[in-house]
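Input: a single structure, listed below in structure tokens.
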Amino acid sequence: MANIVILGSQWGDEGKGKIVDLLTPAFGAVARYQGGHNAGHTVYIHGRKVVLHLIPSGILHPGTLCLIGNGVVIDPKAFLDELEALKAVVDIRDEWIAVSRTAHLILPYHGLLERAEEAALGEKKIGTTCRGIGPAYEDKIGRRGIRAGDLLDPVILREKIFANTAAKNEIAVLRGLTPLDPEKIFADYSGYAARMTPYIKDVSRLLHDTMRAGRPVLFEGAQGVLLDIDHGTYPFVTSSNSTAGGVCTGLGIGPSAIDAVLGVTKAYTTRVGSGPFPTELFDETGRLLAKRGDEFGATTGRPRRCGWFDAVAVGYACRINGIAKLAVTKPDVLDGLPEIKVCTSYLYKGTPLRDFPVEPWILERVTPIYETVPGWKTPVHGLNNFEALPSEFKDYLRFLEDRVEAEAVIISTGVEREDTLFRDERLAGLIDLNVVRCAVRGGA
Ligand code: GDP
Ligand code: IMO
Ligand code: MG
């Protein structure tokens, strides 16, 4: 079986958590390669809701190796709190979790300065999650970051915390903020160090050993392709590579280890935070999607902006990630709509655009051109058999596949694991669906 990347093909919250959790039983390890606790991945198990932020969404299946790669930024307190909360829900052993010793840490000054920067930007703010993600990546690229491995050496940890806090306090004072006490930060982080030590490992080595033992690996993306620092709608992006390229640099594996990229795609579009969104709806339909789709941020609780499916954007995501297969989520939210619109091209200054423009000043001015398809009369909610799907829905799927040039292999029709159908013939050789189905039935 294959090693697969699962990533979001839009602006995040496509349902990655549900798909990763569902497929995990067929994999030996689930590895996060970027982002941090800005992510919010929701999983439902028989009505019980679990939201994962930093810990891979495979954790709800005991025995799965859950790896946090060097490309992730880690707030130790957030990690430890999340782990503790999860331990109350599911059996977790220390040896099932590993944090890369070269993953960078988030420190209190990151969140403090980010909140001040966002406030200073006023209406031009990025609308970040204010978790300190961007500033932590800034320090990484600036070659002054503190890494998980530094927690293992108190002398180095103290030296780095004092040097960094002094530099950040100079900025804090200029911005009228109260300086932070490095002694307190060191005391707190020493406490976290003691609790995190069992998890700090060589994640690249663990991944190689897993693959060499013939167990496939699932690489879990956070955020979405359009929030990628290089390929997204910069500057309204997150500060890491959420695209498939981030898997190699964020985990220490080579591209030949990746067999396929599965793009999780919502049947409409949502976005949290600022930035261009050509198909955004401000009308009754937009409010309906938000209400039915329960579109509130899983991390910040902010209402998500909603709009029609954008095939220009998702087609771009497929191209830059090598996505040939899609997991389509939340079509049930469109149940009962008489007709459904899909944006299939943009007009810019009267001229059709062939490609998705990433520049916000262009994206803000494009006119989305829609094609309208009929809705389906019987609901798809909860269906798990392809043959039972209404014919209008199958037509809609074929239409999307044609426009984005990728085929739907998984269709999610509700929040639960059971609310899913697979195109077995399209997944042959990639994922062991017998194992997945068996786990769904057994409630594992
Ligand atoms: P992620 O960040 O990509 O993991 O997605 P989120 O968890 O932030 O948001 C997706 C939301 O949609 C969650 O509340 C899921 O429970 C929910 N969801 C996932 N798949 C489906 C589906 O097929 N239908 C419906 N109605 N909800 C879904
Ligand atoms: P998941 O993994 C949706 C957005 C923020 C903001 C921008 C930058 O659940 O899909 P950041 O705090 O990362 O510097 O914020 O990115 N953002 C997300 N939007 N889902 C996410 O994660 C997001 N993580 C960050 O709203 O616009
Ligand atoms: Mg989310």
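To be explicit about the labels: the chains of the structure tokens are called A, B, and onward in the order shown, and within each one the residues are counted from 1, while ligands get numbers from 1 in the order they are shown.
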Do you have, as a Markdown table, the list of residues of chain A lying at most 8 Å from ligand 2, each with its nearest atom pair and that distance in Å to one decimal, counting only C-alpha atoms and all ligand atoms and ordered by chain then number?
```
| residue | atom | partner | partner_atom_place_in_ligand_line | distance |
| --- | --- | --- | --- | --- |
| A:Gly8 | CA | ligand 2 | 10 (O) | 6.9 |
| A:Trp11 | CA | ligand 2 | 3 (C) | 5.9 |
| A:Gly12 | CA | ligand 2 | 10 (O) | 3.4 |
| A:Asp13 | CA | ligand 2 | 10 (O) | 3.9 |
| A:Glu14 | CA | ligand 2 | 10 (O) | 6.6 |
| A:Gly15 | CA | ligand 2 | 10 (O) | 7.8 |
| A:Lys16 | CA | ligand 2 | 10 (O) | 7.3 |
| A:Gly35 | CA | ligand 2 | 13 (O) | 7.1 |
| A:Gly36 | CA | ligand 2 | 13 (O) | 7.9 |
| A:Asn38 | CA | ligand 2 | 24 (N) | 4.6 |
| A:Ala39 | CA | ligand 2 | 22 (O) | 3.6 |
| A:Gly40 | CA | ligand 2 | 9 (O) | 3.7 |
| A:His41 | CA | ligand 2 | 9 (O) | 5.1 |
| A:His53 | CA | ligand 2 | 9 (O) | 7.6 |
| A:Ile126 | CA | ligand 2 | 27 (O) | 5.7 |
| A:Gly127 | CA | ligand 2 | 27 (O) | 4.9 |
| A:Thr128 | CA | ligand 2 | 15 (O) | 3.3 |
| A:Thr129 | CA | ligand 2 | 12 (O) | 3.7 |
| A:Cys130 | CA | ligand 2 | 12 (O) | 5.3 |
| A:Arg131 | CA | ligand 2 | 12 (O) | 5.8 |
| A:Gly132 | CA | ligand 2 | 12 (O) | 7.0 |
| A:Ile133 | CA | ligand 2 | 14 (O) | 5.3 |
| A:Gly134 | CA | ligand 2 | 14 (O) | 4.9 |
| A:Gly221 | CA | ligand 2 | 2 (O) | 7.0 |
| A:Ala222 | CA | ligand 2 | 2 (O) | 3.6 |
| A:Gln223 | CA | ligand 2 | 2 (O) | 3.6 |
| A:Gly224 | CA | ligand 2 | 10 (O) | 5.7 |
| A:Leu227 | CA | ligand 2 | 16 (O) | 6.0 |
| A:Phe236 | CA | ligand 2 | 27 (O) | 6.0 |
| A:Val237 | CA | ligand 2 | 7 (C) | 4.8 |
| A:Thr238 | CA | ligand 2 | 8 (C) | 4.0 |
| A:Ser239 | CA | ligand 2 | 14 (O) | 5.9 |
| A:Arg271 | CA | ligand 2 | 3 (C) | 6.3 |
| A:Val272 | CA | ligand 2 | 26 (O) | 4.5 |
| A:Gly273 | CA | ligand 2 | 27 (O) | 3.7 |
| A:Ser274 | CA | ligand 2 | 27 (O) | 5.5 |
| A:Gly275 | CA | ligand 2 | 27 (O) | 7.2 |
| A:Gly297 | CA | ligand 2 | 3 (C) | 7.0 |
| A:Ala298 | CA | ligand 2 | 9 (O) | 6.5 |
| A:Thr299 | CA | ligand 2 | 9 (O) | 7.1 |
```
Residues near Ala148 (chain A), cut-off 10 Å, only C-alpha atoms, skip fewer than 5 positions along chain, as a PyMOL selection string: chain A and resi 70+73-76+99-106+157+193+196-197+199-201
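Put simply, CA of Glu339 (chain A) is 15.7 Å away from CA of Thr279 (chain A).
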Residues flagged helix (DSSP H, G or I) by DSSP in region 250-433 of chain A, as a ChimeraX atom specification: /A:250-251,255-257,284-292,311-321,331-334,360-363,386-388,391-404,424-427,433
Pick from A:Val225, A:Ile141, A:Leu54, A:Arg215, whichever lies nearest to Phe79 (chain A) using only C-alpha atoms: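 Looking at the shortest contact to Phe79 (chain A), the residue is A:Leu54.
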Neighbour list for Asp355 (chain A) as a list in words, cut-off 9 Å, only C-alpha atoms, skip fewer than 2 positions in-chain: Val312, Ala313, Gly315, Tyr316, Ser345, Tyr346, Leu353 and Pro357 of chain A
Next, write the just-selected residues to a file, as an mmCIF file, in the first residue's frame, keeping N, CA, C and O atoms as the atom set.
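Listing of selection.cif after writing:
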```cif
data_model
loop_
_atom_site.group_PDB
_atom_site.id
_atom_site.type_symbol
_atom_site.label_atom_id
_atom_site.label_comp_id
_atom_site.auth_asym_id
_atom_site.auth_seq_id
_atom_site.Cartn_x
_atom_site.Cartn_y
_atom_site.Cartn_z
ATOM 1 N N VAL A 312 -11.678 27.342 -10.220
ATOM 2 C CA VAL A 312 -10.406 27.946 -10.653
ATOM 3 C C VAL A 312 -9.373 27.742 -9.547
ATOM 4 O O VAL A 312 -8.239 27.305 -9.783
ATOM 5 N N ALA A 313 -9.793 28.032 -8.305
ATOM 6 C CA ALA A 313 -8.887 27.916 -7.156
ATOM 7 C C ALA A 313 -8.505 26.449 -6.912
ATOM 8 O O ALA A 313 -7.328 26.130 -6.719
ATOM 9 N N GLY A 315 -8.653 23.942 -9.020
ATOM 10 C CA GLY A 315 -7.862 23.455 -10.160
ATOM 11 C C GLY A 315 -6.395 23.845 -9.983
ATOM 12 O O GLY A 315 -5.483 23.052 -10.246
ATOM 13 N N TYR A 316 -6.181 25.066 -9.503
ATOM 14 C CA TYR A 316 -4.811 25.540 -9.229
ATOM 15 C C TYR A 316 -4.175 24.681 -8.129
ATOM 16 O O TYR A 316 -3.025 24.234 -8.252
ATOM 17 N N SER A 345 -14.493 30.187 -14.143
ATOM 18 C CA SER A 345 -13.440 31.065 -14.675
ATOM 19 C C SER A 345 -13.583 32.438 -14.028
ATOM 20 O O SER A 345 -14.583 32.724 -13.360
ATOM 21 N N TYR A 346 -12.560 33.266 -14.219
ATOM 22 C CA TYR A 346 -12.607 34.643 -13.714
ATOM 23 C C TYR A 346 -12.458 35.595 -14.903
ATOM 24 O O TYR A 346 -11.743 35.292 -15.867
ATOM 25 N N LEU A 353 -9.249 34.976 -17.329
ATOM 26 C CA LEU A 353 -7.946 34.550 -16.806
ATOM 27 C C LEU A 353 -7.842 33.048 -16.941
ATOM 28 O O LEU A 353 -8.767 32.329 -16.591
ATOM 29 N N PRO A 357 -5.023 33.786 -10.078
ATOM 30 C CA PRO A 357 -4.022 34.790 -9.747
ATOM 31 C C PRO A 357 -3.853 34.852 -8.226
ATOM 32 O O PRO A 357 -4.822 34.996 -7.504
#
```
Exercise: region 360-375 of chain A partners within 10 Å, only C-alpha atoms, chain neighbours under 2 positions left out, as an NGL selection string: :A and (232-236 or 275-280 or 308-312 or 334-353 or 356-358 or 377-379 or 390-393 or 395-396 or 399)
Given the selection you just returned, output its residues as a file containing C-alpha atoms, formatted as a tab-separated table (two decimals), in the first residue's frame.
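Result file part.tsv:
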```tsv
chain	number	residue	atom	x	y	z
A	232	GLY	CA	-1.20	31.12	-1.37
A	233	THR	CA	-2.87	34.51	-1.42
A	234	TYR	CA	0.11	36.28	0.18
A	235	PRO	CA	0.18	38.16	2.53
A	236	PHE	CA	-3.16	36.69	3.64
A	275	GLY	CA	-7.96	38.20	2.32
A	276	PRO	CA	-9.52	37.89	-1.11
A	277	PHE	CA	-12.31	35.38	-1.71
A	278	PRO	CA	-13.84	35.75	-5.19
A	279	THR	CA	-16.88	33.50	-4.69
A	280	GLU	CA	-17.81	34.82	-1.22
A	308	TRP	CA	-19.74	28.82	-3.91
A	309	PHE	CA	-17.24	26.20	-5.04
A	310	ASP	CA	-14.36	27.81	-6.90
A	311	ALA	CA	-13.06	25.44	-9.57
A	312	VAL	CA	-10.41	27.95	-10.65
A	334	LEU	CA	-26.13	21.68	-0.31
A	335	ASP	CA	-29.03	19.19	0.08
A	336	GLY	CA	-32.31	20.66	-1.09
A	337	LEU	CA	-30.90	23.66	-2.95
A	338	PRO	CA	-32.78	23.97	-6.26
A	339	GLU	CA	-29.60	24.92	-8.08
A	340	ILE	CA	-25.91	25.13	-7.31
A	341	LYS	CA	-23.34	27.48	-8.75
A	342	VAL	CA	-19.74	26.66	-9.52
A	343	CYS	CA	-17.19	29.30	-10.49
A	344	THR	CA	-15.38	27.98	-13.55
A	345	SER	CA	-13.44	31.06	-14.68
A	346	TYR	CA	-12.61	34.64	-13.71
A	347	LEU	CA	-12.84	37.84	-15.70
A	348	TYR	CA	-10.22	40.49	-14.93
A	349	LYS	CA	-10.64	43.89	-16.57
A	350	GLY	CA	-12.91	42.21	-19.10
A	351	THR	CA	-10.37	39.52	-20.01
A	352	PRO	CA	-10.76	35.85	-19.02
A	353	LEU	CA	-7.95	34.55	-16.81
A	356	PHE	CA	-5.70	31.46	-10.55
A	357	PRO	CA	-4.02	34.79	-9.75
A	358	VAL	CA	-2.46	34.74	-6.28
A	377	LYS	CA	-33.96	16.35	-4.75
A	378	THR	CA	-33.22	13.56	-2.29
A	379	PRO	CA	-30.68	14.31	0.45
A	390	PRO	CA	-29.09	10.90	-6.60
A	391	SER	CA	-28.20	11.19	-10.30
A	392	GLU	CA	-28.04	15.01	-10.13
A	393	PHE	CA	-25.40	14.69	-7.43
A	395	ASP	CA	-23.60	14.77	-12.40
A	396	TYR	CA	-22.43	17.53	-10.07
A	399	PHE	CA	-18.77	18.38	-13.37
```
Using DSSP on the backbone coordinates, identify all residues within region 162-303 of chain A classified as strand (DSSP E or B); present the result as a PDB file with all heavy atoms, in the first residue's frame.
```pdb
ATOM      1  N   ILE A 200      10.560  13.818  22.549  1.00  0.00           N
ATOM      2  CA  ILE A 200      11.472  14.498  21.621  1.00  0.00           C
ATOM      3  C   ILE A 200      12.413  13.473  20.988  1.00  0.00           C
ATOM      4  O   ILE A 200      13.234  12.862  21.669  1.00  0.00           O
ATOM      5  CB  ILE A 200      12.233  15.638  22.345  1.00  0.00           C
ATOM      6  CG1 ILE A 200      11.210  16.643  22.892  1.00  0.00           C
ATOM      7  CG2 ILE A 200      13.212  16.319  21.389  1.00  0.00           C
ATOM      8  CD1 ILE A 200      11.779  17.728  23.752  1.00  0.00           C
ATOM      9  N   LYS A 201      12.248  13.294  19.672  1.00  0.00           N
ATOM     10  CA  LYS A 201      12.940  12.193  18.994  1.00  0.00           C
ATOM     11  C   LYS A 201      13.381  12.612  17.592  1.00  0.00           C
ATOM     12  O   LYS A 201      13.110  13.729  17.154  1.00  0.00           O
ATOM     13  CB  LYS A 201      11.988  10.994  18.880  1.00  0.00           C
ATOM     14  CG  LYS A 201      11.632  10.405  20.228  1.00  0.00           C
ATOM     15  CD  LYS A 201      10.776   9.176  20.082  1.00  0.00           C
ATOM     16  CE  LYS A 201      10.330   8.700  21.472  1.00  0.00           C
ATOM     17  NZ  LYS A 201       9.093   7.994  21.473  1.00  0.00           N
ATOM     18  N   VAL A 217       2.558   5.297   5.394  1.00  0.00           N
ATOM     19  CA  VAL A 217       2.494   6.510   6.219  1.00  0.00           C
ATOM     20  C   VAL A 217       1.521   7.501   5.593  1.00  0.00           C
ATOM     21  O   VAL A 217       1.460   7.640   4.372  1.00  0.00           O
ATOM     22  CB  VAL A 217       3.900   7.146   6.328  1.00  0.00           C
ATOM     23  CG1 VAL A 217       3.839   8.471   7.065  1.00  0.00           C
ATOM     24  CG2 VAL A 217       4.866   6.194   7.032  1.00  0.00           C
ATOM     25  N   LEU A 218       0.781   8.164   6.455  1.00  0.00           N
ATOM     26  CA  LEU A 218      -0.149   9.197   6.014  1.00  0.00           C
ATOM     27  C   LEU A 218       0.441  10.545   6.459  1.00  0.00           C
ATOM     28  O   LEU A 218       0.736  10.726   7.635  1.00  0.00           O
ATOM     29  CB  LEU A 218      -1.501   8.937   6.686  1.00  0.00           C
ATOM     30  CG  LEU A 218      -2.746   9.648   6.188  1.00  0.00           C
ATOM     31  CD1 LEU A 218      -3.982   8.959   6.738  1.00  0.00           C
ATOM     32  CD2 LEU A 218      -2.754  11.088   6.554  1.00  0.00           C
ATOM     33  N   PHE A 219       0.628  11.455   5.517  1.00  0.00           N
ATOM     34  CA  PHE A 219       1.164  12.782   5.833  1.00  0.00           C
ATOM     35  C   PHE A 219      -0.009  13.752   5.927  1.00  0.00           C
ATOM     36  O   PHE A 219      -0.745  13.930   4.959  1.00  0.00           O
ATOM     37  CB  PHE A 219       2.145  13.235   4.753  1.00  0.00           C
ATOM     38  CG  PHE A 219       3.249  12.231   4.504  1.00  0.00           C
ATOM     39  CD1 PHE A 219       3.287  11.508   3.318  1.00  0.00           C
ATOM     40  CD2 PHE A 219       4.234  11.988   5.452  1.00  0.00           C
ATOM     41  CE1 PHE A 219       4.294  10.582   3.072  1.00  0.00           C
ATOM     42  CE2 PHE A 219       5.245  11.062   5.217  1.00  0.00           C
ATOM     43  CZ  PHE A 219       5.269  10.358   4.036  1.00  0.00           C
ATOM     44  N   GLU A 220      -0.170  14.369   7.087  1.00  0.00           N
ATOM     45  CA  GLU A 220      -1.356  15.207   7.326  1.00  0.00           C
ATOM     46  C   GLU A 220      -1.032  16.698   7.202  1.00  0.00           C
ATOM     47  O   GLU A 220      -0.222  17.229   7.961  1.00  0.00           O
ATOM     48  CB  GLU A 220      -1.905  14.941   8.742  1.00  0.00           C
ATOM     49  CG  GLU A 220      -3.114  15.798   9.086  1.00  0.00           C
ATOM     50  CD  GLU A 220      -3.618  15.619  10.525  1.00  0.00           C
ATOM     51  OE1 GLU A 220      -2.890  15.039  11.351  1.00  0.00           O
ATOM     52  OE2 GLU A 220      -4.730  16.087  10.808  1.00  0.00           O
ATOM     53  N   ALA A 260       1.091   9.357  -3.461  1.00  0.00           N
ATOM     54  CA  ALA A 260      -0.096  10.044  -3.986  1.00  0.00           C
ATOM     55  C   ALA A 260      -0.467  11.207  -3.079  1.00  0.00           C
ATOM     56  O   ALA A 260      -0.112  11.227  -1.897  1.00  0.00           O
ATOM     57  CB  ALA A 260      -1.266   9.068  -4.076  1.00  0.00           C
ATOM     58  N   VAL A 261      -1.166  12.170  -3.669  1.00  0.00           N
ATOM     59  CA  VAL A 261      -1.638  13.329  -2.901  1.00  0.00           C
ATOM     60  C   VAL A 261      -3.162  13.373  -3.023  1.00  0.00           C
ATOM     61  O   VAL A 261      -3.704  13.407  -4.131  1.00  0.00           O
ATOM     62  CB  VAL A 261      -1.025  14.643  -3.437  1.00  0.00           C
ATOM     63  CG1 VAL A 261      -1.436  15.818  -2.553  1.00  0.00           C
ATOM     64  CG2 VAL A 261       0.492  14.546  -3.520  1.00  0.00           C
ATOM     65  N   LEU A 262      -3.809  13.333  -1.881  1.00  0.00           N
ATOM     66  CA  LEU A 262      -5.273  13.365  -1.843  1.00  0.00           C
ATOM     67  C   LEU A 262      -5.706  14.754  -1.355  1.00  0.00           C
ATOM     68  O   LEU A 262      -5.329  15.180  -0.261  1.00  0.00           O
ATOM     69  CB  LEU A 262      -5.765  12.280  -0.871  1.00  0.00           C
ATOM     70  CG  LEU A 262      -7.257  12.165  -0.620  1.00  0.00           C
ATOM     71  CD1 LEU A 262      -7.998  11.679  -1.862  1.00  0.00           C
ATOM     72  CD2 LEU A 262      -7.524  11.190   0.532  1.00  0.00           C
ATOM     73  N   GLY A 263      -6.465  15.442  -2.186  1.00  0.00           N
ATOM     74  CA  GLY A 263      -6.904  16.795  -1.817  1.00  0.00           C
ATOM     75  C   GLY A 263      -8.292  16.749  -1.197  1.00  0.00           C
ATOM     76  O   GLY A 263      -9.234  16.248  -1.802  1.00  0.00           O
ATOM     77  N   VAL A 264      -8.393  17.254   0.026  1.00  0.00           N
ATOM     78  CA  VAL A 264      -9.706  17.330   0.670  1.00  0.00           C
ATOM     79  C   VAL A 264     -10.367  18.623   0.202  1.00  0.00           C
ATOM     80  O   VAL A 264      -9.773  19.705   0.287  1.00  0.00           O
ATOM     81  CB  VAL A 264      -9.596  17.272   2.208  1.00  0.00           C
ATOM     82  CG1 VAL A 264     -10.979  17.210   2.838  1.00  0.00           C
ATOM     83  CG2 VAL A 264      -8.759  16.076   2.643  1.00  0.00           C
ATOM     84  N   THR A 265     -11.573  18.479  -0.304  1.00  0.00           N
ATOM     85  CA  THR A 265     -12.250  19.582  -0.989  1.00  0.00           C
ATOM     86  C   THR A 265     -13.684  19.705  -0.524  1.00  0.00           C
ATOM     87  O   THR A 265     -14.470  18.764  -0.681  1.00  0.00           O
ATOM     88  CB  THR A 265     -12.239  19.305  -2.515  1.00  0.00           C
ATOM     89  OG1 THR A 265     -10.888  19.169  -2.923  1.00  0.00           O
ATOM     90  CG2 THR A 265     -12.891  20.403  -3.297  1.00  0.00           C
ATOM     91  N   LYS A 266     -13.997  20.847   0.053  1.00  0.00           N
ATOM     92  CA  LYS A 266     -15.378  21.090   0.472  1.00  0.00           C
ATOM     93  C   LYS A 266     -16.226  21.352  -0.773  1.00  0.00           C
ATOM     94  O   LYS A 266     -15.720  21.956  -1.732  1.00  0.00           O
ATOM     95  CB  LYS A 266     -15.379  22.329   1.370  1.00  0.00           C
ATOM     96  CG  LYS A 266     -16.390  22.330   2.465  1.00  0.00           C
ATOM     97  CD  LYS A 266     -16.279  23.586   3.305  1.00  0.00           C
ATOM     98  CE  LYS A 266     -15.502  23.380   4.578  1.00  0.00           C
ATOM     99  NZ  LYS A 266     -15.587  24.519   5.507  1.00  0.00           N
ATOM    100  N   THR A 269     -17.068  26.756  -0.607  1.00  0.00           N
ATOM    101  CA  THR A 269     -15.795  27.328  -0.144  1.00  0.00           C
ATOM    102  C   THR A 269     -15.995  28.090   1.160  1.00  0.00           C
ATOM    103  O   THR A 269     -17.034  28.730   1.342  1.00  0.00           O
ATOM    104  CB  THR A 269     -15.230  28.319  -1.201  1.00  0.00           C
ATOM    105  OG1 THR A 269     -15.357  27.734  -2.488  1.00  0.00           O
ATOM    106  CG2 THR A 269     -13.773  28.643  -0.934  1.00  0.00           C
ATOM    107  N   THR A 270     -14.986  28.002   2.047  1.00  0.00           N
ATOM    108  CA  THR A 270     -15.006  28.856   3.239  1.00  0.00           C
ATOM    109  C   THR A 270     -13.621  29.442   3.460  1.00  0.00           C
ATOM    110  O   THR A 270     -12.633  28.928   2.962  1.00  0.00           O
ATOM    111  CB  THR A 270     -15.415  28.075   4.520  1.00  0.00           C
ATOM    112  OG1 THR A 270     -14.488  27.008   4.740  1.00  0.00           O
ATOM    113  CG2 THR A 270     -16.813  27.526   4.425  1.00  0.00           C
ATOM    114  N   ARG A 271     -13.598  30.494   4.216  1.00  0.00           N
ATOM    115  CA  ARG A 271     -12.325  31.138   4.573  1.00  0.00           C
ATOM    116  C   ARG A 271     -12.492  31.817   5.929  1.00  0.00           C
ATOM    117  O   ARG A 271     -13.537  32.410   6.193  1.00  0.00           O
ATOM    118  CB  ARG A 271     -11.995  32.169   3.477  1.00  0.00           C
ATOM    119  CG  ARG A 271     -10.739  32.943   3.771  1.00  0.00           C
ATOM    120  CD  ARG A 271     -10.137  33.696   2.605  1.00  0.00           C
ATOM    121  NE  ARG A 271      -8.741  33.840   3.013  1.00  0.00           N
ATOM    122  CZ  ARG A 271      -7.759  34.297   2.300  1.00  0.00           C
ATOM    123  NH1 ARG A 271      -7.963  34.679   1.076  1.00  0.00           N
ATOM    124  NH2 ARG A 271      -6.548  34.366   2.795  1.00  0.00           N
ATOM    125  N   GLU A 280     -17.135  34.580  -2.521  1.00  0.00           N
ATOM    126  CA  GLU A 280     -17.807  34.819  -1.223  1.00  0.00           C
ATOM    127  C   GLU A 280     -19.239  35.319  -1.449  1.00  0.00           C
ATOM    128  O   GLU A 280     -19.497  36.133  -2.331  1.00  0.00           O
ATOM    129  CB  GLU A 280     -17.013  35.859  -0.414  1.00  0.00           C
ATOM    130  CG  GLU A 280     -17.607  36.109   0.953  1.00  0.00           C
ATOM    131  CD  GLU A 280     -16.671  36.894   1.860  1.00  0.00           C
ATOM    132  OE1 GLU A 280     -15.640  37.427   1.368  1.00  0.00           O
ATOM    133  OE2 GLU A 280     -16.970  36.977   3.069  1.00  0.00           O
ATOM    134  N   PHE A 296     -18.002  27.644  11.836  1.00  0.00           N
ATOM    135  CA  PHE A 296     -17.327  28.467  12.841  1.00  0.00           C
ATOM    136  C   PHE A 296     -15.945  27.871  13.065  1.00  0.00           C
ATOM    137  O   PHE A 296     -15.805  26.647  13.127  1.00  0.00           O
ATOM    138  CB  PHE A 296     -18.106  28.488  14.161  1.00  0.00           C
ATOM    139  CG  PHE A 296     -19.417  29.204  14.037  1.00  0.00           C
ATOM    140  CD1 PHE A 296     -20.568  28.512  13.727  1.00  0.00           C
ATOM    141  CD2 PHE A 296     -19.472  30.582  14.168  1.00  0.00           C
ATOM    142  CE1 PHE A 296     -21.782  29.170  13.560  1.00  0.00           C
ATOM    143  CE2 PHE A 296     -20.678  31.262  14.006  1.00  0.00           C
ATOM    144  CZ  PHE A 296     -21.834  30.553  13.712  1.00  0.00           C
ATOM    145  N   PRO A 303     -16.712  33.221  12.967  1.00  0.00           N
ATOM    146  CA  PRO A 303     -17.557  32.749  11.865  1.00  0.00           C
ATOM    147  C   PRO A 303     -16.734  32.657  10.585  1.00  0.00           C
ATOM    148  O   PRO A 303     -15.913  33.526  10.306  1.00  0.00           O
ATOM    149  CB  PRO A 303     -18.642  33.822  11.727  1.00  0.00           C
ATOM    150  CG  PRO A 303     -18.338  34.888  12.705  1.00  0.00           C
ATOM    151  CD  PRO A 303     -17.124  34.527  13.493  1.00  0.00           C
TER     152      PRO A 303
END
```
Within 10 Å of Leu326 (chain A) using only C-alpha atoms, minus same-chain residues under 2 positions, as a ChimeraX atom specification: /A:6-9,261-266,318,323-324,328-329,401,404-411
